[in-house]
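Let me begin by presenting the structure, written as C-alpha cells, before commenting on it.
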Amino acid sequence: MASMAERPDLKVDLGRGLHLRSPVIVASGTFGYGFDAPQVDRAALGAIVSKGTTLRPHEGNAPIRIAETPSGMLNAIGLQNPGVDHVAHVYAPQWATWDLPVIVNVAGDSVDEYVAVARRLNGVPGVAGLELNISCPNVQSGLQFGVDPVLAAEVTHAVRAVTELPLIVKLTPNVTDIVAVARAVEDAGADAVSAINTYVGMAIDVRRRRPIISRGSGGLSGAAIKPLALHAVWQLAAEVHIPVVGVGGIMTPGDALEFLLAGATAVQLGTVNYVRPQAAAEIHDGIAAYMVQHGLTDMRALPIRSVSVLTHV
Amino acid sequence: MASMAERPDLKVDLGRGLHLRSPVIVASGTFGYGFDAPQVDRAALGAIVSKGTTLRPHEGNAPIRIAETPSGMLNAIGLQNPGVDHVAHVYAPQWATWDLPVIVNVAGDSVDEYVAVARRLNGVPGVAGLELNISCPNVQSGLQFGVDPVLAAEVTHAVRAVTELPLIVKLTPNVTDIVAVARAVEDAGADAVSAINTYVGMAIDVRRRRPIISRGSGGLSGAAIKPLALHAVWQLAAEVHIPVVGVGGIMTPGDALEFLLAGATAVQLGTVNYVRPQAAAEIHDGIAAYMVQHGLTDMRALPIRSVSVLTHV
Amino acid sequence: MSIAVAPAVVLERSVPMAGAVELVLSHPPSAVAVGPGQFFQLAVSAPHTILRRPYSAAWSDPAGGRIGFIFNVVGTGSAWLAARDEGDELDLLGPLGRGFDLEGQRPAICVAGGLGVAVFPGVVQALIARGRNVIVLQGARTAAQLLPASRFPGADVHVATDDGSAGHRGSVVDLFSNLGEGQSGGIDILTCGPTPMLTALIDVAHRQAIPLSDIQVALETPMGCGIGTCLGCAAPRAAGGYFLTCQDGPCVRADRIEWELMTDGFHG
Amino acid sequence: MSIAVAPAVVLERSVPMAGAVELVLSHPPSAVAVGPGQFFQLAVSAPHTILRRPYSAAWSDPAGGRIGFIFNVVGTGSAWLAARDEGDELDLLGPLGRGFDLEGQRPAICVAGGLGVAVFPGVVQALIARGRNVIVLQGARTAAQLLPASRFPGADVHVATDDGSAGHRGSVVDLFSNLGEGQSGGIDILTCGPTPMLTALIDVAHRQAIPLSDIQVALETPMGCGIGTCLGCAAPRAAGGYFLTCQDGPCVRADRIEWELMTDGFHG
Ligand SMILES: Cc1cc2nc3c(=O)[nH]c(=O)nc-3n(C[C@H](O)[C@H](O)[C@H](O)COP(=O)(O)OP(=O)(O)OC[C@H]3O[C@@H](n4cnc5c(N)ncnc54)[C@H](O)[C@@H]3O)c2cc1C
Ligand SMILES: Cc1cc2nc3c(=O)[nH]c(=O)nc-3n(C[C@H](O)[C@H](O)[C@H](O)COP(=O)(O)OP(=O)(O)OC[C@H]3O[C@@H](n4cnc5c(N)ncnc54)[C@H](O)[C@@H]3O)c2cc1C
Ligand SMILES: Cc1cc2nc3c(=O)[nH]c(=O)nc-3n(C[C@H](O)[C@H](O)[C@H](O)COP(=O)(O)O)c2cc1C
Ligand SMILES: Cc1cc2nc3c(=O)[nH]c(=O)nc-3n(C[C@H](O)[C@H](O)[C@H](O)COP(=O)(O)O)c2cc1C
Ligand code: FES
Ligand code: FES
C-alpha cells in the first residue's frame with residue numbers, strides 16, 4: 001500500500017470541468033441516490049452516479065427482479081425511481097453539501113423525456129453532471145436508442161442543447177459495433193462515454209418451468225461480464241477522443257487496473273458494491289500502490305495503447 | 001435417475017434426415033475430431049461436432065491462446081486444423097465405422113473457401129452434416145459473415161447449393177439482432193441454426209502490462225455466458241421455424257434443461273468437456289429423469305413457449 | 001444503525017434438526033446490535049456465486065458476543081456455509097432490515113413452517129423476557145425435522161408434521177386454525193415460512209376475522225444487496241407499488257402486503 | 001493409456017518447504033499408472049474458477065496406492081488446493097502427457113528452479129532405481145524455499161539461493177554452468193523452472209556445445225483441457241508451427257522448441 005507521502009495523483013478529468021479526485025466511481029443503480037450504503041468509504045470515491053431517473057416516478061417491475069447466474073446477476077428493476085422533481089427538490093440540496101460530485105443517471109422513453117429531465121436538472125446545485133442511460137428498451141421503434149448510432153446521436157444532441165452540465169453517455173454492449181455508437185454520440189456533443197451497461201440475459205426456473213425474472217429477461221452484470229466490458233473499453237479507447245469510463249464486472253484492484261490499462265480514464269463499480277462495500281477503498285488504494293510500484297505519477301500514464309495488438313478474434 | 005424401462009424417448013430431429021438418438025452434442029473445438037477424450041461416455045451423445053475445418057491446414061495462433069476469466073475462459077486458437085483433405089481422407093473413414101454421427105464445423109475466409117470445403121465433404125462417408133462457423137473475423141470487409149444478415153445469407157446459400165448434407169449455421173452473438181441473421185440463413189436454406197459461438201472478450205496481464213491472449217482478444221465461453229446464450233436461444237426459438245441448437249455455458253443437467261425449455265431442439269456442450277468429462281452422461285440422464293418426473297415422453301414437449309413473457313429488459 | 005462488515009469466527013457447528021445446520025459465530029458488535037427478526041448478509045466463497053446470502057439471526061447472546069444461524073442446504077451458497085467449521089472465518093454484513101415489533105402485552109403466537117422456524121429462537125426468548133405468553137406452532141415434514149421444543153424455553157410448543165410422526169398430522173396452519181378460534185380476544189401473530197403456508201394462514205385470518213395488522217410476517221425474497229441500493233427485493237404493497245423487503249422488512253405487518261401478487265419465489 | 005477421472009482422498013497435507021504445500025493422495029490407479037514427469041488436471045471448487053489446474057505428480061508409491069503433489073499458492077485455484085486437508089476428496093484427471101525419457105545409462109543432471117523442483121522427487125527416484133548417477137541442482141530465493149536434500153536419496157544435491165542463505169549465491173544456472181564444463185562427456189539434463197531460467201540454461205548449453213537434444217524440459221503452459229482437445233497449450237516448435245504441451249509434452253527435448261518464441265507466460 002502506498003504511504004501518504006508517496007501517494008501518486010489519482011485525479012482524473014472527465015471533461016467540461018468534471019474533475020474527480022479519484023478514478024473510482026460508483027455505478028448507477030448500485031448506490032441508490034447516495035444515502036444508503038454507509039459502509040462504503042467515500043474518501044476513496046471520485047463521484048457517485050445516481051439510480052436511473054425519469055421524468056415521472058416509476059414503481060418498477062413486479063417481482064422477481066433479480067437472479068444470480070454464474071459469477072453474475074440478472075436484474076430487471078424497471079427503473080424504479082421517485083422522478084426528477086423529487087431528485088431536484090429533495091436529494092440535490094443534500095448533495096450540494098457534500099464534497100463528492102453526484103452525477104444523475106437519466107433515463108427516458110423518448111427524446112422529449114430525456115430533454116425534460118435534463119432541463120429540469122440544469123443549474124440545480126448539487127448535480128455535478130448527467131449520465132444518459134440510452135439502453136432503455138421501450139422507445140417507439142421497439143429498439144433501444146443505444147443500439148442505433150442515429151438515434152443515439154439524436155438524443156445526445158437534444159440533451160446537449162439544454163444543459164451546460166458535463167454529459168456522459170452510457171453505452172449498451174448489445175450491439176454489433178459499439179464504436180460506431182460512441183463516435184456518433186461524441187460527434188453529437190457527449191463529453192465522455194461510459195461503457196458498458198448490462199448485457200441482456202435470461203435464467204429459467206426449470207422446476208417451475210418459467211423464466212425466473214418476471215419480465216423474462218434481465219441485464220447481466222458482475223464478474224462474468226468483465227472480459228466483454230474490457231474488450232469494449234479497449235476498442236473505444238482506441239477510437240474515440242473523449243474519456244471512456246470503464247464499467248462491467250470490476251470486483252478487485254486488478255480488475256480496475258485492467259480497465260485503466262485498456263485506456264479507461266476512470267472506472268465505475270456496480271455489483272461489487274452489494275457484495276464487498278470495502279471494495280471501493282481497496283480499489284482506490286490498489287491503483288495508488290500499482291502506480292508507485294511502476295513509477296507512475298499520473299493517471300494518464302496508465303494506458304497501454306502503445307502496445308500494438310489485434311483486437312478481433 | 002430414470003430406469004431403462006421408463007426411459008423416455010430422447011431422439012431429436014435436426015432436419016434433412018439428421019436424427020440424433022440424444023439431444024446432447026459435443027461442441028466444435030472442444031472435442032477435437034472425436035479421437036481424444038476417451039473419458040466421455042459416447043452412449044450419451046447424439047452427435048460430435050468437429051473442430052473448425054478450413055480448406056488448407058492452419059497452424060493456429062501464437063501462444064498464449066487461452067485465459068481463464070470469472071466462470072469462463074477466453075480462447076483465440078486461430079482455427080488450428082489439418083485442413084479438409086486430411087479430414088476427408090484420414091478422419092472420415094474412421095467416423096464411418098462409428099454409430100455416432102460426426103458433423104464437420106466448416107470455417108473460411110471467403111465464400112469461395114466455405115464452398116470449397118463443403119464441396120470436398122459432400123458425399124464423403126462418415127460426414128453426417130456440416131456446421132457453418134460464420135464467426136470468422138478475417139473476411140475482406142473486416143466484418144464477420146455472421147454479423148451481417150446479407151453476408152450470412154450469401155455464404156449459406158452458396159454452401160447450400162453444393163451440398164446435400166444437413167446444414168447447421170452457427171450464429172455469432174456479437175450482434176445487435178441475432179434474430180435477423182437467423183431469419184436470413186433460414187431463408188437461404190439452413191436446416192438448423194446453432195446458437196451461440198463465443199462472445200468477444202479480453203483479459204489484461206496487469207503485471208506485464210499487456211493483453212494475456214497474444215492476439216489481444218479472444219472468444220468467451222463457459223458458465224459465465226449461459227444467461228446470454230439462453231436469451232439468444234429463447235428469442236430464436238420464438239422467431240425461426242428451423243431447429244435451434246443451444247450452446248453456451250452448459251455445465252449441468254439444469255443448464256441443459258434451461259435451453260430445452262427455452263425452445264432448443266438439442267444442446268451442445270463446449271467448455272464443460274474440458275472440466276468434467278462425465279458431464280455429457282450426467283446431462284443425458286438428467287434430461288431423461290426430468291422428463292419422467294414431469295410426465296413428458298417426447299422431447300418436443302419440453303419447450304415452454306406457451307408462457308407469454310416479455311423478452312426485453 | 002450500525003452495520004458492520006467484519007469477519008466473524010465460527011465457534012460451533014451443530015445439527016439442530018435433520019437437514020439443518022446451526023453455526024454459532026463470535027461477533028460481539030452484531031450480537032449486541034441485532035434485534036429479533038433482523039438478518040445478515042453472509043459472504044460465501046462458493047464456486048460461481050457472486051452475491052451474499054441473507055440469513056436471519058436465529059438468536060443472539062449479547063453478553064457472550066455470540067450469534068446463531070440455522071439453515072438448510074438448498075444450493076451452492078448454503079452448501080458452502082454448511083461446510084464451515086470451528087475456527088473458520090465468515091464475513092457478515094449486518095444487522096439489516098426491520099425485525100419483529102415486540103411491543104405490547106398480548107399473548108403472541110409464533111407460526112413457523114419448515115426452515116422458517118430458524119428466526120424464532122431469539123424472537124421467543126425476547127417475548128418471554130418481556131413477560132409475554134408465547135405459543136409456538138411449528139410445522140415440518142417429519143418429526144426429525146422439527147427444532148426441539150427445548151429451544152423455546154418458557155413457550156407452549158405445538159407441532160404438526162406432514163407424515164404425522166409427531167403432533168398433528170397435517171399443516172401448521174391447521175394447528176393455528178384450531179387454536180385461533182378460541183383466541184379471538186387479541187393476539188399478536190408472528191410468522192415465517194413458505195409462501196403457500198403464509199397465504200393459507202392469511203386465509204384463516206380472514207375467515208376468523210383476525211385483523212391482518214395483528215400478523216407480522218418475516219418475508220424472504222431474493223436479495224441483491226440487503227441494504228436498499230439494488231431495488232431487487234421488491235414485494236407487492238397493499239397500497240400499490242412495492243416495498244423493499246430488506247429495508248421495509250423483512251418483518252412486515254400482513255396488511256401491508258398485497259397477497260394476491262405474492263410470488264411463490266422461495267421456500268417453495 | 002488409462003486416464004481416470006476419479007475422486008482421490010487426501011491422506012496427508014504438509015509443508016515441504018517455505019511457501020509450498022504437499023498433498024499426499026490415495027489413488028491406487030493413478031499411483032500405478034503415472035510415469036515420472038507426467039501430470040494431472042486437478043478440479044478446484046474455488047470462487048469464479050472454471051478450469052482444472054495442471055500439476056505434475058511429485059512422486060508416486062504404486063504399492064501404497066499413494067501419489068504426491070507439491071505446489072505453491074499463486075492464485076485462486078492453488079489457494080483452494082492449499083486449503084485441502086486430510087479426508088477431503090479431490091477429483092483428478094490423469095495421468096496425462098509424456099513424462100521424461102529415462103532410458104540410457106549416462107549420468108543425469110536435474111536442474112530445478114523455484115517450484116520446478118516439484119516434479120523431481122519421483123524422477124530422481126526412478127533414475128536412481130535404474131542405477132544411474134544423479135546430480136540435483138536446485139535453485140530458490142532463500143534456503144527456506146529449498147526442498148530438503150533428503151527428498152532425493154542417492155543423488156548428489158547442490159543448491160543455489162538468490163540471497164546466498166544456502167549454497168551458491170546466485171542462480172541454479174550458474175551451478176550448472178560450472179558443473180557442465182567438467183561433464184562434457186555425455187550427460188542427460190532434465191529441467192523444470194521459470195522460462196527465464198530455462199532460456200539461460202539453453203544459452204549455457206549453446207556455449208558449452210551441449211546438444212539441445214540432451215536436455216529435456218518439463219514445460220508449463222496454460223492449459224484448458226490437458227487432453228488435446230482445446231489446442232490451448234500450444235508451444236512453438238523448432239520445425240515451425242506449434243506442438244501441444246499436454247500431448248507432445250509436458251516433457252520435451254529442448255531441440256524441439258523454438259526458444260526465440262517462448263513466451264514467459266508462467267512461473268514468471
Ligand atoms: C431475510 C431473509 C432471511 C432468511 N433467513 C433464513 C434462515 O434463517 N434460514 C434459512 O435456511 N434460510 C433463510 N433464508 C433463505 C436463504 O437466504 C436461501 O435459502 C439462500 O440464500 C439460498 O442460497 P443458496 O446459494 O444455497 O441457493 P441458490 O443456489 O441461490 O438457490 C438454490 C435453489 O434455492 C432457491 N432459493 C433461492 N433463494 C431462496 C430463498 N430465499 N429461500 C429458499 N430457496 C431459495 C432457488 O430458487 C434455487 O432453486 C432467508 C432469506 C431471506 C431473504
Ligand atoms: C504440466 C504442468 C505441471 C505443473 N506442475 C506444477 C507443480 O508441480 N507445482 C506447482 O506449484 N505448479 C505447477 N504448475 C503450475 C500450476 O498449474 C499453476 O501454478 C496453477 O495452475 C495456477 O492456478 P491458480 O488458480 O492458483 O492461479 P491463477 O489464478 O490461474 O493465476 C494466478 C497467477 O498465476 C499465473 N499463472 C497461471 N498459470 C500459471 C502457471 N502454469 N504457473 C505459474 N503461474 C501461473 C497467472 O498468470 C496469474 O498471474 C504446472 C503447470 C503445468 C502446465
Ligand atoms: C440492480 C442494478 C440496477 C441498475 N440500474 C441502472 C440504472 O438505473 N441505470 C444505468 O445506467 N445502469 C444501471 N445498472 C447498470 C450498472 O450501472 C452497470 O453498468 C452494470 O451493472 C455493469 O457493472 P457491474 O458489472 O460492475 O455491475 C444497474 C445494475 C444493476 C445490477
Ligand atoms: C478452445 C475453444 C475452441 C473452439 N473452437 C471452435 C471452432 O473451431 N468452431 C466453432 O464453431 N466454435 C468453436 N468454439 C466455440 C464452441 O463450440 C462453443 O460455441 C462455445 O465455446 C460456447 O459453448 P460453451 O460455453 O459450452 O463452451 C470453440 C470454443 C473453445 C472454448
Ligand atoms: S436487497 Fe437490494 S434493495 Fe433490498
Ligand atoms: S491443454 Fe487443451 S490441448 Fe493441451
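Following the order of the C-alpha cells, chains are lettered A, B, ..., residues in each are numbered from 1, and ligands are numbered from 1.
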Please identify the residues whose atoms come within 12 Å of ligand 5, using only C-alpha atoms and all ligand atoms, and report them as a tab-separated table (two decimals) with N, CA, C and O atoms, in the first residue's frame.
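Output (selection_20.tsv):
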```
chain	number	residue	atom	x	y	z
A	29	GLY	N	-27.54	2.66	-10.14
A	29	GLY	CA	-28.37	1.53	-9.76
A	29	GLY	C	-27.76	0.65	-8.70
A	29	GLY	O	-28.38	-0.33	-8.29
A	30	THR	N	-26.57	0.99	-8.28
A	30	THR	CA	-25.91	0.14	-7.28
A	30	THR	C	-25.54	0.93	-6.04
A	30	THR	O	-24.84	0.43	-5.17
A	31	PHE	N	-26.03	2.15	-5.95
A	31	PHE	CA	-25.68	3.01	-4.81
A	31	PHE	C	-26.83	3.95	-4.49
A	31	PHE	O	-26.66	4.95	-3.82
A	32	GLY	N	-28.02	3.61	-5.00
A	32	GLY	CA	-29.21	4.43	-4.76
A	32	GLY	C	-28.95	5.87	-5.19
A	32	GLY	O	-28.43	6.14	-6.28
A	36	ASP	N	-27.74	5.53	1.04
A	36	ASP	CA	-27.62	4.23	1.69
A	36	ASP	C	-26.15	3.81	1.66
A	36	ASP	O	-25.30	4.59	1.31
A	37	ALA	N	-25.88	2.59	2.01
A	37	ALA	CA	-24.53	2.05	1.95
A	37	ALA	C	-23.51	2.89	2.69
A	37	ALA	O	-22.48	3.30	2.14
A	51	LYS	N	-29.17	6.36	-9.22
A	51	LYS	CA	-30.10	5.46	-9.89
A	51	LYS	C	-30.70	6.17	-11.11
A	51	LYS	O	-30.85	7.41	-11.11
A	63	PRO	N	-42.00	-8.26	-8.91
A	63	PRO	CA	-41.01	-9.30	-8.58
A	63	PRO	C	-41.28	-10.54	-9.44
A	63	PRO	O	-42.41	-10.71	-9.92
A	64	ILE	N	-40.31	-11.39	-9.69
A	64	ILE	CA	-38.94	-11.40	-9.21
A	64	ILE	C	-38.09	-10.53	-10.13
A	64	ILE	O	-38.16	-10.66	-11.34
A	65	ARG	N	-37.25	-9.70	-9.53
A	65	ARG	CA	-36.46	-8.73	-10.29
A	65	ARG	C	-35.00	-9.12	-10.48
A	65	ARG	O	-34.31	-8.48	-11.29
A	66	ILE	N	-34.52	-10.00	-9.68
A	66	ILE	CA	-33.09	-10.35	-9.79
A	66	ILE	C	-32.90	-11.86	-9.72
A	66	ILE	O	-33.74	-12.58	-9.19
A	67	ALA	N	-31.80	-12.30	-10.29
A	67	ALA	CA	-31.45	-13.72	-10.20
A	67	ALA	C	-29.94	-13.84	-10.30
A	67	ALA	O	-29.30	-13.07	-11.02
A	75	ASN	N	-30.72	-8.46	-13.60
A	75	ASN	CA	-31.70	-7.61	-12.95
A	75	ASN	C	-32.64	-7.02	-13.99
A	75	ASN	O	-32.27	-6.75	-15.13
A	77	ILE	N	-35.03	-4.28	-12.81
A	77	ILE	CA	-35.64	-3.44	-11.77
A	77	ILE	C	-36.79	-2.63	-12.38
A	77	ILE	O	-37.80	-2.39	-11.74
A	80	GLN	N	-37.28	1.74	-11.25
A	80	GLN	CA	-37.98	2.27	-10.07
A	80	GLN	C	-37.24	3.52	-9.58
A	80	GLN	O	-36.05	3.48	-9.30
A	271	THR	N	-22.03	-4.04	-9.31
A	271	THR	CA	-22.44	-5.18	-8.48
A	271	THR	C	-21.57	-5.39	-7.25
A	271	THR	O	-22.06	-5.78	-6.19
A	273	ASN	N	-20.51	-3.40	-5.18
A	273	ASN	CA	-20.97	-2.63	-4.03
A	273	ASN	C	-21.92	-3.42	-3.15
A	273	ASN	O	-22.02	-3.18	-1.94
A	274	TYR	N	-22.66	-4.33	-3.76
A	274	TYR	CA	-23.59	-5.16	-2.99
A	274	TYR	C	-22.84	-6.19	-2.15
A	274	TYR	O	-23.35	-6.68	-1.16
A	275	VAL	N	-21.69	-6.57	-2.65
A	275	VAL	CA	-21.03	-7.75	-2.10
A	275	VAL	C	-19.93	-7.37	-1.11
A	275	VAL	O	-19.83	-7.92	-0.02
C	39	PHE	N	-31.75	-9.58	9.93
C	39	PHE	CA	-30.95	-10.56	9.19
C	39	PHE	C	-29.57	-10.03	8.87
C	39	PHE	O	-29.28	-8.84	9.07
C	40	PHE	N	-28.74	-10.90	8.38
C	40	PHE	CA	-27.39	-10.56	7.95
C	40	PHE	C	-27.19	-11.05	6.52
C	40	PHE	O	-27.85	-12.00	6.10
C	41	GLN	N	-26.31	-10.39	5.81
C	41	GLN	CA	-25.88	-10.88	4.51
C	41	GLN	C	-24.53	-11.58	4.70
C	41	GLN	O	-23.54	-10.94	5.04
C	51	LEU	N	-23.23	-13.17	-5.18
C	51	LEU	CA	-23.94	-12.40	-4.16
C	51	LEU	C	-23.77	-13.01	-2.76
C	51	LEU	O	-23.52	-14.20	-2.62
C	52	ARG	N	-23.93	-12.15	-1.76
C	52	ARG	CA	-24.07	-12.64	-0.40
C	52	ARG	C	-25.40	-13.38	-0.25
C	52	ARG	O	-26.27	-13.27	-1.11
C	53	ARG	N	-25.56	-14.07	0.85
C	53	ARG	CA	-26.79	-14.80	1.12
C	53	ARG	C	-27.44	-14.26	2.40
C	53	ARG	O	-26.76	-14.12	3.41
C	54	PRO	N	-28.75	-13.94	2.34
C	54	PRO	CA	-29.43	-13.42	3.52
C	54	PRO	C	-29.83	-14.51	4.51
C	54	PRO	O	-30.42	-15.51	4.11
C	96	LEU	N	-29.34	-6.19	9.46
C	96	LEU	CA	-30.05	-5.46	8.42
C	96	LEU	C	-31.57	-5.57	8.59
C	96	LEU	O	-32.08	-6.53	9.18
C	97	GLY	N	-32.26	-4.60	8.06
C	97	GLY	CA	-33.71	-4.63	7.98
C	97	GLY	C	-34.41	-4.40	9.30
C	97	GLY	O	-33.78	-4.09	10.32
C	98	ARG	N	-35.73	-4.51	9.24
C	98	ARG	CA	-36.56	-4.35	10.44
C	98	ARG	C	-36.96	-5.69	10.98
C	98	ARG	O	-37.49	-6.52	10.24
C	219	LEU	N	-40.59	-11.99	5.80
C	219	LEU	CA	-40.59	-12.32	4.38
C	219	LEU	C	-39.22	-12.78	3.89
C	219	LEU	O	-38.19	-12.34	4.39
C	220	GLU	N	-39.24	-13.61	2.86
C	220	GLU	CA	-37.98	-13.99	2.22
C	220	GLU	C	-38.12	-13.79	0.72
C	220	GLU	O	-38.85	-14.51	0.06
C	221	THR	N	-37.46	-12.79	0.21
C	221	THR	CA	-37.42	-12.57	-1.24
C	221	THR	C	-35.96	-12.69	-1.66
C	221	THR	O	-35.07	-12.62	-0.82
C	222	PRO	N	-35.72	-12.86	-2.95
C	222	PRO	CA	-34.32	-12.83	-3.38
C	222	PRO	C	-33.74	-11.48	-3.01
C	222	PRO	O	-34.45	-10.48	-3.01
C	223	MET	N	-32.47	-11.45	-2.68
C	223	MET	CA	-31.85	-10.18	-2.32
C	223	MET	C	-30.54	-9.98	-3.06
C	223	MET	O	-29.75	-10.91	-3.17
C	224	GLY	N	-30.33	-8.76	-3.55
C	224	GLY	CA	-29.06	-8.42	-4.16
C	224	GLY	C	-28.13	-7.87	-3.10
C	224	GLY	O	-27.09	-8.45	-2.80
C	225	CYS	N	-28.53	-6.75	-2.50
C	225	CYS	CA	-27.64	-6.02	-1.62
C	225	CYS	C	-27.97	-6.19	-0.14
C	225	CYS	O	-27.08	-6.22	0.70
C	226	GLY	N	-29.24	-6.21	0.19
C	226	GLY	CA	-29.65	-6.23	1.60
C	226	GLY	C	-29.68	-4.87	2.26
C	226	GLY	O	-30.04	-4.75	3.42
C	227	ILE	N	-29.30	-3.82	1.52
C	227	ILE	CA	-29.19	-2.50	2.14
C	227	ILE	C	-29.97	-1.42	1.41
C	227	ILE	O	-29.79	-0.24	1.69
C	228	GLY	N	-30.81	-1.79	0.47
C	228	GLY	CA	-31.68	-0.79	-0.14
C	228	GLY	C	-31.15	-0.15	-1.40
C	228	GLY	O	-31.77	0.77	-1.93
C	229	THR	N	-30.03	-0.61	-1.93
C	229	THR	CA	-29.48	0.05	-3.11
C	229	THR	C	-29.80	-0.64	-4.44
C	229	THR	O	-29.78	0.01	-5.48
C	230	CYS	N	-30.13	-1.92	-4.42
C	230	CYS	CA	-30.32	-2.60	-5.72
C	230	CYS	C	-31.79	-2.61	-6.16
C	230	CYS	O	-32.07	-2.80	-7.33
C	231	LEU	N	-32.70	-2.43	-5.21
C	231	LEU	CA	-34.15	-2.45	-5.50
C	231	LEU	C	-34.60	-3.81	-6.03
C	231	LEU	O	-35.60	-3.92	-6.71
C	232	GLY	N	-33.84	-4.83	-5.69
C	232	GLY	CA	-34.13	-6.16	-6.21
C	232	GLY	C	-35.13	-6.93	-5.38
C	232	GLY	O	-35.72	-7.90	-5.86
C	233	CYS	N	-35.35	-6.52	-4.13
C	233	CYS	CA	-36.13	-7.33	-3.19
C	233	CYS	C	-37.56	-6.85	-3.07
C	233	CYS	O	-38.19	-7.01	-2.02
C	234	ALA	N	-38.07	-6.25	-4.13
C	234	ALA	CA	-39.42	-5.69	-4.09
C	234	ALA	C	-40.46	-6.75	-3.74
C	234	ALA	O	-40.39	-7.87	-4.23
C	235	ALA	N	-41.40	-6.35	-2.92
C	235	ALA	CA	-42.57	-7.20	-2.63
C	235	ALA	C	-43.80	-6.30	-2.80
C	235	ALA	O	-43.73	-5.10	-2.55
C	242	TYR	N	-44.53	-1.25	-4.63
C	242	TYR	CA	-43.74	-2.26	-3.95
C	242	TYR	C	-43.04	-1.66	-2.74
C	242	TYR	O	-42.76	-0.48	-2.70
C	243	PHE	N	-42.77	-2.50	-1.77
C	243	PHE	CA	-41.82	-2.07	-0.72
C	243	PHE	C	-40.57	-2.92	-0.85
C	243	PHE	O	-40.55	-3.91	-1.60
C	244	LEU	N	-39.52	-2.51	-0.16
C	244	LEU	CA	-38.27	-3.25	-0.20
C	244	LEU	C	-38.19	-4.17	1.01
C	244	LEU	O	-38.20	-3.70	2.15
C	245	THR	N	-38.10	-5.45	0.75
C	245	THR	CA	-38.05	-6.41	1.86
C	245	THR	C	-36.85	-6.14	2.77
C	245	THR	O	-36.94	-6.30	3.98
C	246	CYS	N	-35.76	-5.70	2.21
C	246	CYS	CA	-34.54	-5.54	3.02
C	246	CYS	C	-34.59	-4.30	3.90
C	246	CYS	O	-33.89	-4.23	4.90
C	247	GLN	N	-35.38	-3.30	3.52
C	247	GLN	CA	-35.41	-2.06	4.30
C	247	GLN	C	-36.72	-1.94	5.06
C	247	GLN	O	-36.74	-1.63	6.24
C	248	ASP	N	-37.84	-2.15	4.36
C	248	ASP	CA	-39.14	-2.03	4.99
C	248	ASP	C	-39.47	-3.32	5.73
C	248	ASP	O	-40.39	-3.37	6.53
C	249	GLY	N	-38.76	-4.38	5.46
C	249	GLY	CA	-38.91	-5.68	6.11
C	249	GLY	C	-37.57	-6.09	6.65
C	249	GLY	O	-36.77	-5.21	6.93
C	250	PRO	N	-37.30	-7.36	6.80
C	250	PRO	CA	-38.13	-8.48	6.32
C	250	PRO	C	-39.41	-8.69	7.13
C	250	PRO	O	-40.32	-9.32	6.62
```
- Task: Taking only C-alpha atoms into account, report as number ranges by chain which residues of chain A lie within 8 Å of chain B.
- Result: A: 69-72, 76, 78, 136-137, 147, 174-177, 199-206, 209-210, 214-220, 223-232, 254, 257-258, 261-262, 304, 307, 309-313
- At most 12 Å to chain B: residues in chain C, only C-alpha atoms, as a PyMOL selection string: chain C and resi 46-50
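Neighbouring residues of ligand 2 at a cut-off of 6 Å, counting only C-alpha atoms and all ligand atoms, are Phe39, Arg53, Pro54, Tyr55, Ser56, Ile70, Phe71, Asn72, Val73, Val74, Gly75, Thr76, Gly77, Ser78, Ala79, Leu115, Ala118, Val119, Glu220, Thr221, Pro222, Pro250, Phe266 and His267 of chain D.
Note that the spacing between CA of Met299 in chain B and CA of Ala192 in chain B amounts to 16.6 Å.
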- Which residue, C:Gly131, C:Pro194, C:Gly170, C:Gly139, has the smallest gap to ligand 1 when you use only C-alpha atoms and all ligand atoms?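 Closest to ligand 1, using only C-alpha atoms and all ligand atoms: C:Pro194.
The shortest atom-to-atom distance to Val40 in chain A, with only C-alpha atoms taken into account, belongs to A:Val24 out of A:Leu55, A:Val193, A:Val24, A:Leu167.
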- Can you work out the spacing between CA of Phe152 in chain D and CA of Arg13 in chain D in Å, to one decimal? 19.5 Å
- Secondary structure check, alpha helix (DSSP H) residues of range 41-167 of chain D, as a list of chain:residue names: D:Thr76, D:Gly77, D:Ser78, D:Ala79, D:Trp80, D:Leu81, D:Ala82, D:Phe120, D:Pro121, D:Gly122, D:Val123, D:Val124, D:Gln125, D:Ala126, D:Leu127, D:Ile128, D:Ala129
- Between CA of Gly122 in chain D and CA of Asp61 in chain D lies a distance of 9.1 Å
- Non-local contacts of range 108-117 of chain A (12 Å; only C-alpha atoms; under 6 positions in same chain excluded) as a ChimeraX atom specification: /A:52-58,78-79,81,83-88,124,130-146,151-163,169
